[in-house]
Amino acid sequence: MEEEKKSQNFIEQIIEEDLKKGLKRENLRFRFPPEPNGYLHIGHAKAICINFGLGKKYNAPVNLRFDDTNPEKEEQEFVNSIKKDIEWLGFSWDKECYTSDYFQQLYLWAIEMIKQGKAYVDEQSSELITEQRKNPTENGIESPYRNRPIEESLALFEKMKNGAFPEGSMSLRAKIDMTSPNMNMRDPVMYRIIKTPHHRTGNTWKIYPMYDWAHGESDYVEQVSHSLCSLEFENHRPLYNWYLEQISNPKRNLPKQREFARMNVSYLITSKRKLQRLVSEGIVTGWDDPRMPTISGMRRKGYTPNALINFINRVGVSKRENLIDIQLLEFFVREDLNKISTRMMVVMQPIKIIIENYPEDKEEWLETENNPEDEKAGNRKIPFSRELYIEKEDFREEADKKFFRLKLGGEVRLKSAYIIKAERIEKNAQGDVTVIYATYDEKSKSGSGTEESLRKVKGTLHWVSAPHAVAIRVREYDKLFTVAQPDAEKEKDFMDFINPNSLQETEAYAEPEINRLEIGTPVQFQRIGYFTKDRDSAVNQLIFNRTVTLKDSYKPNA
């Protein structure tokens with residue numbers, strides 16, 4: 001029992017304590033409440049895994065609630081992308097909810113607060129309100145409208161709702177404590193005037209609730225038992241609780257807010273405002289650019305749901321902020337792709353080999369494994385002919401004993417094929433090798449069972465038959481930023497650290513089987529790395545994104 005308790009994260013321990021204190025297990029309910037003003041990123045992936053993971057652990061429902069209280073930035077496109085991302089991660093929600101479903105109820109509760117003298121209409125600008133709040137060590141200045149008659153605030157609030165006043169001219173504020181050391185408690189704004197049409201409610205509303213007012217009340221309406229959010233909202237918790245106290249019914253359970261550390265990964269930023277800037281300024285091609293830390297970007301790059309979930313589980317749930325090395329994420333991506341990726345031969349920087357003693361009119365279809373890590377993956381046929389491509393870096397005219405690839409007078413095995421020997425070369429006017437002339441050992445065919453086929457040579461190279469080669473375009477992605485924390489230096493703009501070489505495009509040659517791959521299918525280019533077919537591909541132009549390199553020296557701590 002003690003061992004089980006130690007394995008629980010602090011949120012699970014809180015839930016277990018609440019159950020011991022009388023909370024009924026059937027009353028457990030969680031929620032994931034994104035704002036539909038952008039695409040979900042890796043930080044959201046952590047929140048998704050926490051909430052839906054708890055739902056799975058406790059067999060409790062999890063709501064998907066869209067916090068749609070800002071029509072100026074929210075769109076249906078983002079709603080659709082959020083649902084797609086959650087489903088791609090393998091989770092399903094109980095109820096699909098929207099804060100806009102509760103606009104009328106929130107409005108009625110606000111009226112009750114005005115009637116109780118706990119809210120008032122303020123005619124000051126947002127800049128002046130901020131200025132009057134002062135700082136935690138200095139008492140704030142009360143608004144001159146703080147003690148206006150209740151009936152006057154009620155009448156003005158109704159006119160605000162009906163669109164009688166311009167944006168920014170008035171707001172509804174809660175009357176709490178202008179001397180509180182917690183700045184969130186210094187008469188926070190509950191409603192502001194916005195006349196932009198809402199993507200669900202159209203022009204019905206001219207006032208919209210602020211996050212702090214709407215969030216806890218929405219949790220209460222849905223009877224969420226545990227409202228989990230990132231640490232930045234920890235000092236909002238007193239306000240969350242205060243609002244609930246104003247509208248709570250003794251017969252209904254009060255939700256409990258608790259906070260966990262955000263997901264901070266090196267070389268990635270998760271500010272939606274900054275990600276929007278990358279998109280709008282054309283640094284990336286869109287929200288799903290493979291260099292973006294969005295779930296859709298990582299999916300397009302070739303990351304798998306299993307890899308992301310394993311990474312998030314490994315990082316765990318804590319109360320302390322820290323920076324996670326991006327190599328840990330790549331480790332889990334590489335580990336998962338190794339198990340599921342079909343192997344194919346692709347030559348990135350081709351140099352031609354002509355096997356002079358191989359018949360000109362002959363071609364063979366040799367059998368090779370699809371994935372040695374998966375016995376059920378089966379085999380495929382690859383064409384072999386007199387003219388082949390190998391990687392330029394796999395040949396040297398002269399080399400020392402430590403070079404185990406092809407050199408003049410030396411032998412290597414071509415994977416799943418024959419042993420060849422480089423006999424002579426042809427060069428261009430610049431002195432570059434353009435053609436390697438070789439001979440092959442006819443009896444050394446892999447898997448043939450002959451004594452020659454078992455002969456050992458130190459090097460094994462991948463290759464592609466030249467007459468059968470399929471020309472493809474390869475996008476090799478690197479980190480988008482040149483420093484681990486691009487938004488950490490206050491003196492500099494994060495855009496100053498953009499990596500100008502974050503994308504390199506290369507033409508390559510692949511075996512013909514590559515034509516069969518579907519968009520999004522993971523594939524290992526043997527001896528090179530893991531890739532996935534991109535949605536930009538066309539019949540006459542296949543495009544592959546590099547997901548991650550084949551190997552890395554990084555080893556996660558035990």
# chains A, B, ... in the order shown; residues from 1 in each chain; ligands from 1
>>> residues_around(residues="Gln76 in chain A", least_positions_apart="4", cutoff="12 Å", atoms="only C-alpha atoms", output="JSON, numbers by chain")
{"A": [35, 36, 37, 38, 39, 66, 68, 71, 80, 81, 82, 83, 198, 199, 200, 201]}
>>> residues_around(residues="Val333 in chain A", least_positions_apart="4", cutoff="10 Å", atoms="only C-alpha atoms", output="PDB file with C-alpha atoms, in the first residue's frame")
ATOM      1  CA  GLY A 302       6.059  12.082 -38.093  1.00  0.00           C
ATOM      2  CA  TYR A 303       5.881  11.962 -34.302  1.00  0.00           C
ATOM      3  CA  THR A 304       3.574   9.245 -33.001  1.00  0.00           C
ATOM      4  CA  PRO A 305       0.902   9.514 -30.288  1.00  0.00           C
ATOM      5  CA  ASN A 306       2.591   6.708 -28.383  1.00  0.00           C
ATOM      6  CA  ALA A 307       5.945   8.531 -28.366  1.00  0.00           C
ATOM      7  CA  LEU A 308       4.396  11.770 -27.106  1.00  0.00           C
ATOM      8  CA  ASN A 310       5.503   8.015 -23.249  1.00  0.00           C
ATOM      9  CA  PHE A 311       7.534  11.227 -23.129  1.00  0.00           C
ATOM     10  CA  GLN A 327      16.631  15.063 -26.813  1.00  0.00           C
ATOM     11  CA  LEU A 328      14.462  13.154 -24.335  1.00  0.00           C
ATOM     12  CA  LEU A 329      11.445  13.757 -26.568  1.00  0.00           C
ATOM     13  CA  LEU A 337       9.547   4.533 -34.707  1.00  0.00           C
ATOM     14  CA  ASN A 338      12.193   1.818 -34.538  1.00  0.00           C
ATOM     15  CA  TYR A 530      13.143   8.266 -39.814  1.00  0.00           C
ATOM     16  CA  THR A 547      11.124  13.072 -38.268  1.00  0.00           C
ATOM     17  CA  VAL A 548      14.332  12.370 -36.370  1.00  0.00           C
TER      18      VAL A 548
END
>>> select_by_dssp(residues="range 453-497 of chain A", states="helix (DSSP H, G or I)", output="JSON, numbers by chain")
{"A": [453, 454, 466, 467, 468, 494, 495, 496, 497]}
>>> write_last_selection(atoms="all heavy atoms", output="compact mmCIF listing (two decimals), in the first residue's frame")
# COMPACT_ATOMS: atom_id res chain seq x y z
N SER A 453 28.38 -16.64 -50.05
CA SER A 453 27.37 -15.73 -49.49
C SER A 453 27.60 -15.50 -48.00
O SER A 453 27.10 -14.53 -47.43
CB SER A 453 25.96 -16.27 -49.72
OG SER A 453 25.73 -17.41 -48.90
N LEU A 454 28.34 -16.41 -47.39
CA LEU A 454 28.63 -16.29 -45.96
C LEU A 454 29.97 -15.60 -45.70
O LEU A 454 30.33 -15.37 -44.54
CB LEU A 454 28.65 -17.69 -45.32
CG LEU A 454 27.33 -18.50 -45.44
CD1 LEU A 454 27.53 -19.91 -44.89
CD2 LEU A 454 26.20 -17.79 -44.71
N ALA A 466 19.50 2.08 -60.30
CA ALA A 466 19.33 3.32 -61.06
C ALA A 466 18.14 3.29 -62.03
O ALA A 466 17.36 4.24 -62.07
CB ALA A 466 20.63 3.66 -61.79
N PRO A 467 17.95 2.22 -62.80
CA PRO A 467 16.82 2.22 -63.74
C PRO A 467 15.45 2.22 -63.04
O PRO A 467 14.46 2.63 -63.64
CB PRO A 467 17.02 0.92 -64.53
CG PRO A 467 18.44 0.53 -64.33
CD PRO A 467 18.79 1.02 -62.97
N HIS A 468 15.41 1.78 -61.79
CA HIS A 468 14.15 1.68 -61.08
C HIS A 468 13.95 2.81 -60.05
O HIS A 468 12.93 2.87 -59.38
CB HIS A 468 14.07 0.34 -60.33
CG HIS A 468 14.24 -0.86 -61.20
ND1 HIS A 468 15.49 -1.39 -61.48
CD2 HIS A 468 13.34 -1.63 -61.86
CE1 HIS A 468 15.34 -2.44 -62.27
NE2 HIS A 468 14.06 -2.61 -62.52
N PHE A 494 12.66 37.08 -29.25
CA PHE A 494 12.87 35.65 -29.53
C PHE A 494 13.12 35.39 -31.01
O PHE A 494 13.77 34.41 -31.38
CB PHE A 494 11.67 34.83 -29.02
CG PHE A 494 10.45 34.87 -29.91
CD1 PHE A 494 10.16 33.83 -30.76
CD2 PHE A 494 9.59 35.97 -29.90
CE1 PHE A 494 9.04 33.86 -31.59
CE2 PHE A 494 8.47 36.01 -30.70
CZ PHE A 494 8.20 34.95 -31.56
N MET A 495 12.64 36.28 -31.87
CA MET A 495 12.84 36.12 -33.31
C MET A 495 14.30 36.30 -33.71
O MET A 495 14.71 35.91 -34.81
CB MET A 495 11.96 37.12 -34.07
CG MET A 495 10.47 36.95 -33.83
SD MET A 495 9.78 35.58 -34.77
CE MET A 495 9.32 36.41 -36.28
N ASP A 496 15.10 36.90 -32.82
CA ASP A 496 16.53 37.07 -33.11
C ASP A 496 17.27 35.74 -33.14
O ASP A 496 18.40 35.67 -33.63
CB ASP A 496 17.19 37.97 -32.05
CG ASP A 496 16.68 39.40 -32.10
OD1 ASP A 496 16.17 39.80 -33.16
OD2 ASP A 496 16.77 40.11 -31.07
N PHE A 497 16.63 34.71 -32.60
CA PHE A 497 17.30 33.41 -32.49
C PHE A 497 16.77 32.38 -33.50
O PHE A 497 16.99 31.19 -33.35
CB PHE A 497 17.13 32.87 -31.08
CG PHE A 497 17.69 33.77 -30.01
CD1 PHE A 497 16.85 34.50 -29.18
CD2 PHE A 497 19.06 33.92 -29.85
CE1 PHE A 497 17.35 35.33 -28.21
CE2 PHE A 497 19.58 34.76 -28.89
CZ PHE A 497 18.73 35.48 -28.06
>>> closest_residue(among="A:Asp101, A:Glu393, A:Glu96, A:Glu142", to="Asp177 in chain A", atoms="only C-alpha atoms")
A:Glu142
>>> closest_residue(among="A:Ile498, A:Phe52, A:Ala417, A:Glu222", to="Leu278 in chain A", atoms="only C-alpha atoms")
A:Ile498
>>> select_by_dssp(residues="range 223-370 of chain A", states="strand (DSSP E or B)", output="short mmCIF file (atom, residue, chain, number, x, y, z; two decimals) with all heavy atoms, in the first residue's frame")
data_model
loop_
_atom_site.label_atom_id
_atom_site.label_comp_id
_atom_site.auth_asym_id
_atom_site.auth_seq_id
_atom_site.Cartn_x
_atom_site.Cartn_y
_atom_site.Cartn_z
N HIS A 226 -12.33 18.21 -10.05
CA HIS A 226 -10.97 18.73 -9.93
C HIS A 226 -10.61 19.50 -11.18
O HIS A 226 -10.56 18.94 -12.27
CB HIS A 226 -9.98 17.59 -9.68
CG HIS A 226 -10.21 16.87 -8.38
ND1 HIS A 226 -11.18 15.90 -8.25
CD2 HIS A 226 -9.62 17.02 -7.17
CE1 HIS A 226 -11.18 15.46 -6.99
NE2 HIS A 226 -10.25 16.11 -6.33
N SER A 227 -10.39 20.79 -10.99
CA SER A 227 -10.06 21.70 -12.08
C SER A 227 -8.54 21.87 -12.11
O SER A 227 -7.97 22.57 -11.27
CB SER A 227 -10.76 23.04 -11.86
OG SER A 227 -10.44 23.95 -12.89
N LEU A 228 -7.89 21.23 -13.04
CA LEU A 228 -6.42 21.18 -13.07
C LEU A 228 -5.88 22.15 -14.11
O LEU A 228 -6.35 22.17 -15.25
CB LEU A 228 -5.96 19.76 -13.37
CG LEU A 228 -6.59 18.69 -12.46
CD1 LEU A 228 -6.17 17.30 -12.91
CD2 LEU A 228 -6.21 18.93 -11.01
N CYS A 229 -4.91 22.95 -13.72
CA CYS A 229 -4.35 23.94 -14.62
C CYS A 229 -2.86 24.14 -14.30
O CYS A 229 -2.35 23.59 -13.33
CB CYS A 229 -5.11 25.27 -14.51
SG CYS A 229 -5.25 25.89 -12.83
N SER A 230 -2.19 24.94 -15.12
CA SER A 230 -0.75 25.12 -14.93
C SER A 230 -0.46 26.11 -13.81
O SER A 230 -1.33 26.87 -13.36
CB SER A 230 -0.10 25.58 -16.24
OG SER A 230 -0.75 26.71 -16.75
N LYS A 256 -12.52 21.83 -7.23
CA LYS A 256 -11.27 22.17 -6.53
C LYS A 256 -10.19 22.43 -7.57
O LYS A 256 -9.90 21.55 -8.40
CB LYS A 256 -10.86 21.00 -5.62
CG LYS A 256 -9.51 21.19 -4.93
CD LYS A 256 -9.14 19.99 -4.08
CE LYS A 256 -9.94 19.94 -2.81
NZ LYS A 256 -9.42 18.91 -1.87
N GLN A 257 -9.63 23.64 -7.55
CA GLN A 257 -8.55 23.96 -8.49
C GLN A 257 -7.21 23.54 -7.90
O GLN A 257 -6.91 23.85 -6.76
CB GLN A 257 -8.52 25.45 -8.80
CG GLN A 257 -7.35 25.83 -9.72
CD GLN A 257 -7.33 27.30 -10.08
OE1 GLN A 257 -8.30 27.85 -10.57
NE2 GLN A 257 -6.19 27.97 -9.83
N ARG A 258 -6.40 22.88 -8.72
CA ARG A 258 -5.04 22.54 -8.34
C ARG A 258 -4.13 22.74 -9.56
O ARG A 258 -4.57 22.57 -10.70
CB ARG A 258 -4.94 21.10 -7.82
CG ARG A 258 -5.61 20.90 -6.47
CD ARG A 258 -4.93 21.71 -5.38
NE ARG A 258 -5.52 21.53 -4.06
CZ ARG A 258 -6.47 22.30 -3.54
NH1 ARG A 258 -6.94 23.33 -4.24
NH2 ARG A 258 -6.94 22.06 -2.33
N GLU A 259 -2.88 23.05 -9.29
CA GLU A 259 -1.98 23.47 -10.35
C GLU A 259 -0.78 22.52 -10.48
O GLU A 259 -0.31 21.98 -9.50
CB GLU A 259 -1.46 24.89 -10.09
CG GLU A 259 -2.55 25.92 -9.86
CD GLU A 259 -3.12 25.92 -8.44
OE1 GLU A 259 -2.43 25.41 -7.52
OE2 GLU A 259 -4.26 26.41 -8.25
N PHE A 260 -0.29 22.39 -11.71
CA PHE A 260 0.89 21.56 -11.98
C PHE A 260 1.86 22.35 -12.86
O PHE A 260 1.49 23.35 -13.49
CB PHE A 260 0.51 20.25 -12.67
CG PHE A 260 -0.27 20.44 -13.96
CD1 PHE A 260 0.38 20.63 -15.17
CD2 PHE A 260 -1.65 20.42 -13.95
CE1 PHE A 260 -0.32 20.81 -16.35
CE2 PHE A 260 -2.39 20.60 -15.12
CZ PHE A 260 -1.71 20.79 -16.32
N ASN A 264 7.91 22.64 -20.30
CA ASN A 264 8.91 23.50 -20.93
C ASN A 264 9.98 22.61 -21.55
O ASN A 264 10.69 21.88 -20.84
CB ASN A 264 9.54 24.43 -19.89
CG ASN A 264 8.53 25.38 -19.27
OD1 ASN A 264 7.75 26.01 -19.98
ND2 ASN A 264 8.53 25.48 -17.95
N VAL A 265 10.10 22.66 -22.87
CA VAL A 265 11.05 21.82 -23.59
C VAL A 265 12.05 22.72 -24.31
O VAL A 265 11.68 23.73 -24.92
CB VAL A 265 10.32 20.91 -24.61
CG1 VAL A 265 11.31 20.01 -25.34
CG2 VAL A 265 9.25 20.08 -23.92
N THR A 294 3.39 22.55 -32.15
CA THR A 294 1.97 22.20 -32.11
C THR A 294 1.81 20.69 -32.30
O THR A 294 2.65 20.04 -32.93
CB THR A 294 1.20 22.93 -33.21
OG1 THR A 294 1.81 22.65 -34.48
CG2 THR A 294 1.20 24.43 -32.97
N LEU A 323 13.27 22.83 -17.22
CA LEU A 323 13.43 22.75 -18.67
C LEU A 323 13.78 21.32 -19.06
O LEU A 323 14.79 20.77 -18.61
CB LEU A 323 14.52 23.71 -19.14
CG LEU A 323 14.70 23.85 -20.66
CD1 LEU A 323 13.47 24.50 -21.29
CD2 LEU A 323 15.96 24.66 -20.97
N ILE A 324 12.95 20.72 -19.90
CA ILE A 324 13.15 19.34 -20.36
C ILE A 324 13.99 19.37 -21.64
O ILE A 324 13.73 20.15 -22.55
CB ILE A 324 11.81 18.64 -20.65
CG1 ILE A 324 10.83 18.81 -19.48
CG2 ILE A 324 12.05 17.16 -20.96
CD1 ILE A 324 11.31 18.27 -18.17
N THR A 342 8.60 0.82 -41.48
CA THR A 342 9.09 0.03 -42.60
C THR A 342 10.47 0.55 -43.01
O THR A 342 10.70 1.75 -43.04
CB THR A 342 8.13 0.15 -43.80
OG1 THR A 342 6.87 -0.39 -43.44
CG2 THR A 342 8.67 -0.58 -45.02
N ARG A 343 11.37 -0.37 -43.30
CA ARG A 343 12.70 0.02 -43.77
C ARG A 343 12.70 0.14 -45.28
O ARG A 343 12.12 -0.70 -45.97
CB ARG A 343 13.74 -1.02 -43.35
CG ARG A 343 14.36 -0.84 -41.98
CD ARG A 343 13.40 -0.74 -40.85
NE ARG A 343 14.08 -0.85 -39.55
CZ ARG A 343 13.51 -0.62 -38.39
NH1 ARG A 343 12.23 -0.27 -38.34
NH2 ARG A 343 14.18 -0.73 -37.27
N MET A 344 13.33 1.18 -45.79
CA MET A 344 13.49 1.33 -47.23
C MET A 344 14.86 1.90 -47.53
O MET A 344 15.47 2.55 -46.68
CB MET A 344 12.41 2.23 -47.82
CG MET A 344 11.05 1.56 -47.87
SD MET A 344 9.88 2.41 -48.91
CE MET A 344 8.46 1.33 -48.69
N VAL A 346 17.08 4.49 -49.53
CA VAL A 346 17.03 5.79 -50.18
C VAL A 346 18.45 6.35 -50.20
O VAL A 346 19.16 6.28 -49.20
CB VAL A 346 16.10 6.76 -49.43
CG1 VAL A 346 16.15 8.15 -50.06
CG2 VAL A 346 14.67 6.23 -49.39
N VAL A 347 18.85 6.90 -51.33
CA VAL A 347 20.18 7.49 -51.47
C VAL A 347 20.02 9.00 -51.57
O VAL A 347 19.36 9.51 -52.49
CB VAL A 347 20.91 6.93 -52.71
CG1 VAL A 347 22.24 7.64 -52.92
CG2 VAL A 347 21.13 5.42 -52.55
N PRO A 350 23.63 10.90 -54.36
CA PRO A 350 23.96 9.73 -55.19
C PRO A 350 25.27 9.85 -55.98
O PRO A 350 25.64 10.92 -56.45
CB PRO A 350 22.77 9.63 -56.14
CG PRO A 350 22.26 11.03 -56.25
CD PRO A 350 22.49 11.66 -54.91
N ILE A 351 25.91 8.72 -56.07
CA ILE A 351 27.02 8.54 -57.01
C ILE A 351 26.77 7.19 -57.68
O ILE A 351 26.34 6.24 -57.02
CB ILE A 351 28.39 8.60 -56.31
CG1 ILE A 351 29.51 8.57 -57.34
CG2 ILE A 351 28.56 7.49 -55.29
CD1 ILE A 351 30.88 8.85 -56.75
N LYS A 352 27.02 7.13 -58.99
CA LYS A 352 26.65 5.93 -59.75
C LYS A 352 27.74 4.87 -59.70
O LYS A 352 28.94 5.18 -59.75
CB LYS A 352 26.34 6.28 -61.19
CG LYS A 352 25.88 5.08 -62.03
CD LYS A 352 25.46 5.49 -63.44
CE LYS A 352 24.05 6.04 -63.44
NZ LYS A 352 23.54 6.21 -64.84
N ILE A 353 27.27 3.62 -59.59
CA ILE A 353 28.16 2.45 -59.71
C ILE A 353 27.71 1.64 -60.92
O ILE A 353 26.51 1.37 -61.08
CB ILE A 353 28.09 1.56 -58.45
CG1 ILE A 353 28.80 2.22 -57.28
CG2 ILE A 353 28.71 0.19 -58.72
CD1 ILE A 353 28.89 1.36 -56.05
N ILE A 354 28.65 1.24 -61.74
CA ILE A 354 28.37 0.32 -62.86
C ILE A 354 29.12 -0.97 -62.58
O ILE A 354 30.34 -0.97 -62.45
CB ILE A 354 28.80 0.92 -64.21
CG1 ILE A 354 27.99 2.20 -64.50
CG2 ILE A 354 28.61 -0.10 -65.33
CD1 ILE A 354 28.41 2.91 -65.77
N ILE A 355 28.36 -2.06 -62.47
CA ILE A 355 28.96 -3.38 -62.21
C ILE A 355 29.27 -4.02 -63.56
O ILE A 355 28.37 -4.53 -64.24
CB ILE A 355 28.01 -4.26 -61.38
CG1 ILE A 355 27.62 -3.53 -60.08
CG2 ILE A 355 28.68 -5.60 -61.04
CD1 ILE A 355 26.58 -4.26 -59.27
N GLU A 364 17.23 -8.42 -61.21
CA GLU A 364 16.74 -9.38 -60.21
C GLU A 364 15.86 -8.63 -59.20
O GLU A 364 16.03 -7.44 -58.97
CB GLU A 364 17.92 -10.00 -59.45
CG GLU A 364 18.85 -10.83 -60.29
CD GLU A 364 20.01 -11.35 -59.45
OE1 GLU A 364 19.80 -12.28 -58.64
OE2 GLU A 364 21.12 -10.81 -59.60
N TRP A 365 14.94 -9.37 -58.59
CA TRP A 365 14.13 -8.82 -57.50
C TRP A 365 14.47 -9.59 -56.24
O TRP A 365 14.14 -10.76 -56.09
CB TRP A 365 12.63 -8.90 -57.82
CG TRP A 365 12.27 -7.90 -58.89
CD1 TRP A 365 12.43 -8.03 -60.24
CD2 TRP A 365 11.74 -6.59 -58.66
NE1 TRP A 365 12.04 -6.89 -60.89
CE2 TRP A 365 11.59 -5.99 -59.95
CE3 TRP A 365 11.37 -5.87 -57.53
CZ2 TRP A 365 11.10 -4.70 -60.12
CZ3 TRP A 365 10.87 -4.59 -57.70
CH2 TRP A 365 10.74 -4.00 -58.97
N LEU A 366 15.23 -8.94 -55.40
CA LEU A 366 15.77 -9.57 -54.20
C LEU A 366 14.83 -9.35 -53.01
O LEU A 366 14.16 -8.33 -52.90
CB LEU A 366 17.14 -8.98 -53.88
CG LEU A 366 18.15 -8.97 -55.04
CD1 LEU A 366 19.43 -8.27 -54.61
CD2 LEU A 366 18.43 -10.38 -55.52
N GLU A 367 14.82 -10.32 -52.12
CA GLU A 367 13.93 -10.24 -50.96
C GLU A 367 14.66 -9.64 -49.75
O GLU A 367 15.81 -9.97 -49.48
CB GLU A 367 13.41 -11.63 -50.61
CG GLU A 367 12.24 -11.61 -49.63
CD GLU A 367 11.49 -12.94 -49.60
OE1 GLU A 367 10.91 -13.33 -50.63
OE2 GLU A 367 11.50 -13.57 -48.54
N THR A 368 13.97 -8.75 -49.06
CA THR A 368 14.56 -8.14 -47.86
C THR A 368 13.47 -7.89 -46.83
O THR A 368 12.28 -7.83 -47.15
CB THR A 368 15.28 -6.81 -48.23
OG1 THR A 368 16.00 -6.35 -47.09
CG2 THR A 368 14.28 -5.74 -48.65
N GLU A 369 13.88 -7.76 -45.57
CA GLU A 369 12.92 -7.57 -44.48
C GLU A 369 12.34 -6.16 -44.49
O GLU A 369 13.02 -5.19 -44.76
CB GLU A 369 13.61 -7.78 -43.12
CG GLU A 369 14.07 -9.18 -42.83
CD GLU A 369 14.81 -9.26 -41.50
OE1 GLU A 369 15.87 -8.61 -41.39
OE2 GLU A 369 14.32 -9.95 -40.59
#
>>> atom_distance(atom1="CA of Asn379 in chain A", atom2="CA of Phe531 in chain A")
19.6 Å
>>> closest_residue(among="A:Phe10, A:Phe544, A:Tyr58, A:Tyr243", to="Lys24 in chain A", atoms="only C-alpha atoms")
A:Tyr58
>>> residues_around(residues="Trp463 in chain A", least_positions_apart="2", cutoff="9 Å", atoms="only C-alpha atoms", output="VMD selection string")
chain A and resid 345 to 347 388 to 391 414 to 415 461 465 510 to 511
>>> residues_around(residues="Phe481 in chain A", least_positions_apart="5", cutoff="8 Å", atoms="only C-alpha atoms", output="ChimeraX atom specification")
/A:267-268,486,497-499,502
>>> atom_distance(atom1="CA of His462 in chain A", atom2="CA of Lys362 in chain A")
20.1 Å
>>> residues_around(residues="Asp289 in chain A", least_positions_apart="4", cutoff="10 Å", atoms="only C-alpha atoms", output="list in words")
Val279, Ile283, Val284, Thr285, Pro293, Thr294, Ser296, Gly297, Met298, Arg299, Arg300 and Lys301 of chain A
>>> atom_distance(atom1="CA of Thr99 in chain A", atom2="CA of Glu74 in chain A")
12.6 Å
>>> closest_residue(among="A:Arg173, A:Lys46, A:His236, A:Arg291", to="Val317 in chain A", atoms="only C-alpha atoms")
A:Lys46
>>> closest_residue(among="A:Gly410, A:Gly459, A:Pro500, A:Pro522", to="Asp336 in chain A", atoms="only C-alpha atoms")
A:Pro522
>>> closest_residue(among="A:Met210, A:Ile519, A:Ile48, A:Ala377", to="Ser341 in chain A", atoms="only C-alpha atoms")
A:Ala377
>>> decode(residues="range 153-164 of chain A", atoms="N, CA, C and O atoms", output="PDB file, in the first residue's frame")
ATOM      1  N   SER A 153     -25.871  50.618 -11.395  1.00  0.00           N
ATOM      2  CA  SER A 153     -25.029  49.573 -12.006  1.00  0.00           C
ATOM      3  C   SER A 153     -25.872  48.562 -12.768  1.00  0.00           C
ATOM      4  O   SER A 153     -25.484  48.113 -13.864  1.00  0.00           O
ATOM      5  N   LEU A 154     -27.017  48.186 -12.216  1.00  0.00           N
ATOM      6  CA  LEU A 154     -27.911  47.238 -12.904  1.00  0.00           C
ATOM      7  C   LEU A 154     -28.355  47.792 -14.254  1.00  0.00           C
ATOM      8  O   LEU A 154     -28.356  47.082 -15.270  1.00  0.00           O
ATOM      9  N   ALA A 155     -28.766  49.078 -14.261  1.00  0.00           N
ATOM     10  CA  ALA A 155     -29.243  49.694 -15.497  1.00  0.00           C
ATOM     11  C   ALA A 155     -28.119  49.802 -16.530  1.00  0.00           C
ATOM     12  O   ALA A 155     -28.311  49.509 -17.720  1.00  0.00           O
ATOM     13  N   LEU A 156     -26.935  50.194 -16.090  1.00  0.00           N
ATOM     14  CA  LEU A 156     -25.795  50.316 -17.002  1.00  0.00           C
ATOM     15  C   LEU A 156     -25.355  48.955 -17.546  1.00  0.00           C
ATOM     16  O   LEU A 156     -24.996  48.827 -18.718  1.00  0.00           O
ATOM     17  N   PHE A 157     -25.389  47.947 -16.679  1.00  0.00           N
ATOM     18  CA  PHE A 157     -24.973  46.608 -17.098  1.00  0.00           C
ATOM     19  C   PHE A 157     -25.908  46.077 -18.191  1.00  0.00           C
ATOM     20  O   PHE A 157     -25.459  45.455 -19.157  1.00  0.00           O
ATOM     21  N   GLU A 158     -27.188  46.335 -18.049  1.00  0.00           N
ATOM     22  CA  GLU A 158     -28.150  45.899 -19.075  1.00  0.00           C
ATOM     23  C   GLU A 158     -27.893  46.621 -20.389  1.00  0.00           C
ATOM     24  O   GLU A 158     -27.954  46.024 -21.468  1.00  0.00           O
ATOM     25  N   LYS A 159     -27.591  47.924 -20.302  1.00  0.00           N
ATOM     26  CA  LYS A 159     -27.294  48.678 -21.509  1.00  0.00           C
ATOM     27  C   LYS A 159     -25.998  48.187 -22.159  1.00  0.00           C
ATOM     28  O   LYS A 159     -25.877  48.153 -23.391  1.00  0.00           O
ATOM     29  N   MET A 160     -25.012  47.812 -21.322  1.00  0.00           N
ATOM     30  CA  MET A 160     -23.788  47.217 -21.863  1.00  0.00           C
ATOM     31  C   MET A 160     -24.125  45.964 -22.662  1.00  0.00           C
ATOM     32  O   MET A 160     -23.629  45.761 -23.776  1.00  0.00           O
ATOM     33  N   LYS A 161     -24.975  45.136 -22.096  1.00  0.00           N
ATOM     34  CA  LYS A 161     -25.381  43.885 -22.756  1.00  0.00           C
ATOM     35  C   LYS A 161     -26.080  44.151 -24.090  1.00  0.00           C
ATOM     36  O   LYS A 161     -25.897  43.400 -25.059  1.00  0.00           O
ATOM     37  N   ASN A 162     -26.846  45.224 -24.144  1.00  0.00           N
ATOM     38  CA  ASN A 162     -27.619  45.535 -25.353  1.00  0.00           C
ATOM     39  C   ASN A 162     -26.828  46.324 -26.383  1.00  0.00           C
ATOM     40  O   ASN A 162     -27.362  46.689 -27.433  1.00  0.00           O
ATOM     41  N   GLY A 163     -25.548  46.609 -26.092  1.00  0.00           N
ATOM     42  CA  GLY A 163     -24.699  47.275 -27.071  1.00  0.00           C
ATOM     43  C   GLY A 163     -24.829  48.777 -27.114  1.00  0.00           C
ATOM     44  O   GLY A 163     -24.501  49.396 -28.139  1.00  0.00           O
ATOM     45  N   ALA A 164     -25.273  49.395 -26.017  1.00  0.00           N
ATOM     46  CA  ALA A 164     -25.501  50.847 -25.996  1.00  0.00           C
ATOM     47  C   ALA A 164     -24.219  51.647 -25.886  1.00  0.00           C
ATOM     48  O   ALA A 164     -24.225  52.859 -26.152  1.00  0.00           O
TER      49      ALA A 164
END
